[in-house]
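The next block is start.pdb, given as PDB, C-alpha atoms, pLDDT in the B column.
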ATOM      1  CA  MET A   1     -13.042 -14.721  13.231  1.00 84.00           C
ATOM      2  CA  VAL A   2      -9.874 -13.735  11.414  1.00 90.00           C
ATOM      3  CA  LYS A   3      -6.824 -13.315  13.623  1.00 92.00           C
ATOM      4  CA  PHE A   4      -4.167 -10.837  12.543  1.00 94.00           C
ATOM      5  CA  ALA A   5      -1.284 -12.316  10.575  1.00 93.00           C
ATOM      6  CA  LEU A   6       1.761 -10.368   9.520  1.00 91.00           C
ATOM      7  CA  ALA A   7       2.103 -10.197   5.743  1.00 89.00           C
ATOM      8  CA  GLY A   8       5.388 -11.399   4.298  1.00 86.00           C
ATOM      9  CA  ILE A   9       8.088  -9.221   5.816  1.00 86.00           C
ATOM     10  CA  LEU A  10       9.608  -8.586   2.376  1.00 89.00           C
ATOM     11  CA  TRP A  11       6.497  -6.652   1.314  1.00 89.00           C
ATOM     12  CA  TYR A  12       7.168  -3.856   3.798  1.00 90.00           C
ATOM     13  CA  PRO A  13      10.421  -2.446   2.362  1.00 92.00           C
ATOM     14  CA  VAL A  14       9.333  -2.983  -1.249  1.00 91.00           C
ATOM     15  CA  ILE A  15       5.948  -1.249  -1.071  1.00 90.00           C
ATOM     16  CA  ILE A  16       6.945   1.494   1.358  1.00 88.00           C
ATOM     17  CA  THR A  17      10.028   2.290  -0.773  1.00 91.00           C
ATOM     18  CA  GLY A  18       7.773   2.456  -3.820  1.00 90.00           C
ATOM     19  CA  MET A  19       5.432   4.869  -2.071  1.00 90.00           C
ATOM     20  CA  CYS A  20       8.391   7.021  -0.946  1.00 91.00           C
ATOM     21  CA  LEU A  21       9.825   7.127  -4.473  1.00 89.00           C
ATOM     22  CA  THR A  22       6.402   8.038  -5.861  1.00 89.00           C
ATOM     23  CA  TYR A  23       6.183  10.831  -3.290  1.00 92.00           C
ATOM     24  CA  MET A  24       9.620  12.102  -4.276  1.00 90.00           C
ATOM     25  CA  ALA A  25       8.758  11.935  -7.985  1.00 88.00           C
ATOM     26  CA  ALA A  26       5.555  13.842  -7.299  1.00 90.00           C
ATOM     27  CA  PHE A  27       6.902  16.626  -5.134  1.00 91.00           C
ATOM     28  CA  SER A  28      10.686  16.842  -5.619  1.00 88.00           C
ATOM     29  CA  PRO A  29      11.706  15.017  -8.826  1.00 85.00           C
ATOM     30  CA  THR A  30      15.124  16.645  -8.982  1.00 82.00           C
ATOM     31  CA  GLU A  31      16.105  14.982  -5.693  1.00 85.00           C
ATOM     32  CA  LEU A  32      15.370  11.413  -6.800  1.00 83.00           C
ATOM     33  CA  PRO A  33      18.165   8.974  -5.956  1.00 84.00           C
ATOM     34  CA  PHE A  34      20.007   7.072  -8.694  1.00 82.00           C
ATOM     35  CA  PRO A  35      19.456   9.577 -11.539  1.00 79.00           C
ATOM     36  CA  GLN A  36      20.957   7.163 -14.066  1.00 82.00           C
ATOM     37  CA  VAL A  37      18.253   4.608 -13.191  1.00 80.00           C
ATOM     38  CA  LEU A  38      15.322   6.869 -12.289  1.00 82.00           C
ATOM     39  CA  GLY A  39      16.073   9.640 -14.772  1.00 84.00           C
ATOM     40  CA  TRP A  40      13.040   8.739 -16.857  1.00 87.00           C
ATOM     41  CA  VAL A  41      10.831   9.339 -13.812  1.00 85.00           C
ATOM     42  CA  ALA A  42      12.204  12.850 -13.397  1.00 83.00           C
ATOM     43  CA  ASP A  43      11.793  13.466 -17.140  1.00 87.00           C
ATOM     44  CA  LEU A  44       8.135  12.436 -16.926  1.00 86.00           C
ATOM     45  CA  ALA A  45       7.685  14.697 -13.908  1.00 84.00           C
ATOM     46  CA  VAL A  46       9.055  17.651 -15.863  1.00 84.00           C
ATOM     47  CA  GLN A  47       7.030  16.910 -19.010  1.00 89.00           C
ATOM     48  CA  PHE A  48       3.791  16.145 -17.155  1.00 90.00           C
ATOM     49  CA  PRO A  49       3.855  18.085 -13.864  1.00 87.00           C
ATOM     50  CA  ASN A  50       0.480  16.745 -12.664  1.00 91.00           C
ATOM     51  CA  LEU A  51       1.167  13.077 -13.441  1.00 90.00           C
ATOM     52  CA  TRP A  52       3.119  11.955 -10.360  1.00 89.00           C
ATOM     53  CA  PRO A  53       1.074  13.902  -7.802  1.00 93.00           C
ATOM     54  CA  SER A  54      -2.035  12.267  -9.273  1.00 93.00           C
ATOM     55  CA  VAL A  55      -0.421   8.826  -9.139  1.00 91.00           C
ATOM     56  CA  PHE A  56       0.638   9.417  -5.532  1.00 92.00           C
ATOM     57  CA  TYR A  57      -2.801  10.560  -4.362  1.00 95.00           C
ATOM     58  CA  ILE A  58      -4.539   7.720  -6.209  1.00 94.00           C
ATOM     59  CA  ALA A  59      -2.186   5.173  -4.583  1.00 92.00           C
ATOM     60  CA  VAL A  60      -2.798   6.619  -1.116  1.00 93.00           C
ATOM     61  CA  ALA A  61      -6.565   6.670  -1.698  1.00 95.00           C
ATOM     62  CA  LEU A  62      -6.541   3.036  -2.851  1.00 94.00           C
ATOM     63  CA  HIS A  63      -4.584   1.951   0.227  1.00 94.00           C
ATOM     64  CA  VAL A  64      -7.030   3.767   2.510  1.00 95.00           C
ATOM     65  CA  LEU A  65     -10.049   2.290   0.698  1.00 95.00           C
ATOM     66  CA  GLU A  66      -8.557  -1.196   0.973  1.00 95.00           C
ATOM     67  CA  ALA A  67      -7.991  -0.637   4.696  1.00 95.00           C
ATOM     68  CA  ILE A  68     -11.641   0.385   5.123  1.00 96.00           C
ATOM     69  CA  PHE A  69     -12.767  -2.678   3.109  1.00 95.00           C
ATOM     70  CA  VAL A  70     -10.650  -4.996   5.265  1.00 95.00           C
ATOM     71  CA  ALA A  71     -11.909  -3.364   8.486  1.00 95.00           C
ATOM     72  CA  VAL A  72     -15.544  -3.828   7.449  1.00 95.00           C
ATOM     73  CA  LYS A  73     -14.925  -7.463   6.460  1.00 94.00           C
ATOM     74  CA  ALA A  74     -13.002  -8.162   9.691  1.00 94.00           C
ATOM     75  CA  ILE A  75     -15.784  -6.659  11.814  1.00 95.00           C
ATOM     76  CA  GLY A  76     -18.300  -8.751   9.869  1.00 93.00           C
ATOM     77  CA  ALA A  77     -16.208 -11.869  10.507  1.00 93.00           C
ATOM     78  CA  GLY A  78     -16.311 -11.215  14.265  1.00 93.00           C
ATOM     79  CA  SER A  79     -12.648 -10.317  14.717  1.00 93.00           C
ATOM     80  CA  SER A  80     -11.550  -8.543  17.870  1.00 94.00           C
ATOM     81  CA  LEU A  81     -11.067  -4.780  17.823  1.00 95.00           C
ATOM     82  CA  MET A  82      -7.294  -5.188  18.085  1.00 96.00           C
ATOM     83  CA  ASP A  83      -7.240  -7.558  15.089  1.00 95.00           C
ATOM     84  CA  VAL A  84      -9.377  -5.113  13.093  1.00 95.00           C
ATOM     85  CA  LEU A  85      -7.002  -2.246  13.917  1.00 95.00           C
ATOM     86  CA  LEU A  86      -3.899  -4.271  13.074  1.00 95.00           C
ATOM     87  CA  TRP A  87      -5.356  -5.491   9.771  1.00 94.00           C
ATOM     88  CA  SER A  88      -6.393  -1.938   8.873  1.00 95.00           C
ATOM     89  CA  LEU A  89      -2.990  -0.486   9.699  1.00 94.00           C
ATOM     90  CA  GLN A  90      -1.120  -3.181   7.796  1.00 94.00           C
ATOM     91  CA  THR A  91      -3.439  -2.832   4.794  1.00 93.00           C
ATOM     92  CA  CYS A  92      -3.040   0.943   4.834  1.00 92.00           C
ATOM     93  CA  LEU A  93       0.738   0.431   4.617  1.00 91.00           C
ATOM     94  CA  LEU A  94       0.842  -2.496   2.198  1.00 91.00           C
ATOM     95  CA  GLY A  95      -2.409  -2.382   0.227  1.00 89.00           C
ATOM     96  CA  TYR A  96      -3.079  -5.436  -1.908  1.00 87.00           C
ATOM     97  CA  ALA A  97      -0.396  -7.595  -0.236  1.00 89.00           C
ATOM     98  CA  SER A  98      -2.266  -7.424   3.067  1.00 92.00           C
ATOM     99  CA  THR A  99      -5.741  -7.516   1.488  1.00 92.00           C
ATOM    100  CA  GLY A 100      -4.901 -10.744  -0.352  1.00 92.00           C
ATOM    101  CA  LEU A 101      -3.639 -12.398   2.824  1.00 93.00           C
ATOM    102  CA  PHE A 102      -6.716 -11.255   4.742  1.00 94.00           C
ATOM    103  CA  LEU A 103      -9.135 -12.588   2.110  1.00 93.00           C
ATOM    104  CA  LYS A 104      -7.255 -15.916   2.012  1.00 93.00           C
ATOM    105  CA  LEU A 105      -7.518 -16.278   5.804  1.00 93.00           C
ATOM    106  CA  LEU A 106     -11.170 -15.167   5.730  1.00 93.00           C
ATOM    107  CA  LYS A 107     -11.959 -17.881   3.191  1.00 92.00           C
ATOM    108  CA  LYS A 108     -10.165 -20.475   5.353  1.00 91.00           C
ATOM    109  CA  SER A 109     -12.065 -19.392   8.469  1.00 88.00           C
ATOM    110  CA  LYS A 110     -15.413 -19.727   6.663  1.00 84.00           C
ATOM    111  CA  THR A 111     -14.641 -23.268   5.477  1.00 81.00           C
ATOM    112  CA  ALA A 112     -13.314 -24.396   8.863  1.00 64.00           C
TER     113      ALA A 112
END
Could you show the structure in this file as structure tokens?
Amino acid sequence: MVKFALAGILWYPVIITGMCLTYMAAFSPTELPFPQVLGWVADLAVQFPNLWPSVFYIAVALHVLEAIFVAVKAIGAGSSLMDVLLWSLQTCLLGYASTGLFLKLLKKSKTA
């Protein structure tokens, strides 16, 4: 059984900000903040109009697939429904940061 554990709180703003910036680059590159820093992102969006939408959709799909993977593993480990839901939600938001923590705790629970 793997109980839910909150991933490092610093992952939340970093990864969610990255997803928001990727969304902005994909669908409204001219409105990106800090044009002097992120100008190259807007330039890429203009030169390759399908690049950032593809990156955004691939990132979202990977997060969802990781959440499904974690849910299946948590159910297999005998976790409660609430723990499975919390792990899935956190993994959907954070992706690999949450998946890595889950797999580490799963390994510990199997050895204990």
Residue members of the PyMOL selection byres ((chain A and resi 100) around 12) in the file shown, as a PyMOL selection string: chain A and resi 5-8+66-67+69-70+87+90-91+94-99+101-107
Residues returned when the PyMOL selection byres ((chain A and resi 84) around 8) runs on this file, as a PyMOL selection string: chain A and resi 4+70-71+74-75+79-83+85-88
Local residues around (-0.4, 9.9, -3.5), at most 12 Å away, using only C-alpha atoms, as an MDAnalysis selection string: chainID A and resid 18:27 50:64
9 Å contact set for Ala77 in chain A, only C-alpha atoms, chain neighbours under 4 positions out, as a ChimeraX atom specification: /A:1-2,72-73,106,109-110
Selection near Leu93 in chain A, 8 Å with only C-alpha atoms, sequence-local residues under 4 positions removed, as a PyMOL selection string: chain A and resi 12+15-16+63+89
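Reported to one decimal place, the separation of CA of Val14 in chain A from CA of Val41 in chain A is 17.7 Å.
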One-decimal distance in Å that lies between CA of Thr17 in chain A and CA of Asp43 in chain A: 19.9 Å
First collect every listed atom of range 54-63 of chain A; then fit an axis-aligned box around them, widen it by 6 Å on each side, and give centre and edge lengths in Å to one decimal, as AutoDock Vina command-line options.
--center_x -3.0 --center_y 7.1 --center_z -4.5 --size_x 19.2 --size_y 22.3 --size_z 21.5
Close residues, Trp40 in chain A itself excluded, 12 Å, all atoms listed in the file, min 6 positions apart in chain, as a PyMOL selection string: chain A and resi 25+29-30+32+34+46-48
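CA of Lys3 in chain A lies 9.7 Å from CA of Gly78 in chain A.
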